[in-house]
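Contents: one structure, followed by commentary.
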Amino acid sequence: QMQLVESGGGLVLAGGSLRLSCAASGRVFSSSIMAWFRQAPGKERAFVAALPWNYDSVYYHDSVKGRFTISKDKAAKTVFLEMNSLKPEDTAVYYCAANDNFHPATVTLTKAYNYWGRGTQVTVSS
């Protein structure tokens with residue numbers, strides 16, 4: 001079992017930056033995949049970024065490429081999401097997610113993840 005706890009959300013002006021953290025407790029397997037999703041009011045939960053625990057590859061939704069960076073600290077079992085040049089449309093609850101097994105074909109799918117944090121609110125004002 002794995003537990004995930006997000007932190008770092010808040011209110012920021014458009015063009016600003018935030019850094020989200022996701023601390024994992026319990027067993028993190030070398031085959032695990034870690035990801036960030038977000039859910040805006042009235043919308044479905046959507047993929048933002050992901051990275052396998054034991055590989056250097058990273059995945060991003062097109063809307064955040066060049067602005068967001070996902071990274072990991074394996075010793076601390078923590079995943080980060082550095083968000084720059086934030087836009088009002090980035091406003092959402094951001095969720096950390098994980099799965100014990102990495103499948104490249106499913107990294108963007110919410111159903112591919114069986115561990116979820118409770119989320120952290122990010123609000124970008126114009």
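For the structure tokens, the naming scheme is as follows: chains receive sequential letters (A, B, ...) according to their order of presentation, residues are indexed from 1 within each chain, and ligands are indexed from 1 in presentation order.
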| Val48 in chain A environment, 12 Å, only C-alpha atoms, sequence neighbours closer than 4 positions dropped, as a ChimeraX atom specification | /A:34-39,58-65,67-70,81-83,90,92-97,107-110
| query | So which residues of range 63-122 of chain A fall under helix (DSSP H, G or I) by DSSP, listed as a VMD selection string? | reply | chain A and resid 63 to 64 88 to 90 104 to 106 110 to 112
Counting only C-alpha atoms, which residues of range 7-37 of chain A sit at most 10 Å from some atom of range 85-88 of chain A, and what is each one's closest atom pair with its distance in Å to one decimal, listed by chain and rising residue number, as a Markdown table?
| residue | atom | partner | partner_atom | distance |
| --- | --- | --- | --- | --- |
| A:Val12 | CA | A:Leu86 | CA | 8.1 |
| A:Leu13 | CA | A:Leu86 | CA | 7.7 |
| A:Ala14 | CA | A:Lys87 | CA | 5.1 |
| A:Gly15 | CA | A:Ser85 | CA | 4.2 |
| A:Gly16 | CA | A:Leu86 | CA | 5.5 |
| A:Ser17 | CA | A:Leu86 | CA | 6.2 |
| A:Leu18 | CA | A:Leu86 | CA | 8.2 |
| message | Just to confirm, what's the straight-line distance from CA of Gly9 in chain A to CA of Ser32 in chain A in Å (one decimal)? | response | 24.3 Å
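Taking CA of Gly10 in chain A as the reference point, CA of Arg45 in chain A is found at 18.8 Å.
Of the residues under consideration (A:Pro104, A:Pro52, A:Pro41, A:Gly119), A:Pro52 shows the shortest atom-to-atom contact distance to Val28 in chain A when counting only C-alpha atoms.
The nearest approach to Ala112 in chain A among the residues A:Ala50, A:Ala75, A:Ala40, A:Val124, with only C-alpha atoms taken into account, belongs to A:Ala50.
Candidate residues A:Asn114, A:Ser25, A:Asn84, A:Ser71 were compared for distance to Met2 in chain A, and the nearest is A:Ser25, using only C-alpha atoms.
What separates CA of Phe102 in chain A from CA of Thr120 in chain A is a distance of 24.2 Å.
Take the candidates A:Ala76, A:Leu4, A:Ala46, A:Leu51 and check each one against Ser31 in chain A using only C-alpha atoms; the shortest distance goes to A:Leu51.
Minimum distance to Glu89 in chain A across A:Lys43, A:Lys74, A:Val5, A:Tyr113 (counting only C-alpha atoms) occurs at A:Lys43.
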| message | At a cut-off of 7 Å, using only C-alpha atoms, what residues contact Phe80 in chain A? Leave out same-chain residues fewer than 3 positions from it and give the result as an MDAnalysis selection string. | response | chainID A and resid 19:22 70:72
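Comparing the minimum interatomic distances between Ser57 in chain A and each of A:Thr78, A:Gly26, A:Ile33, A:Thr123, counting only C-alpha atoms, we find that A:Ile33 sits nearest.
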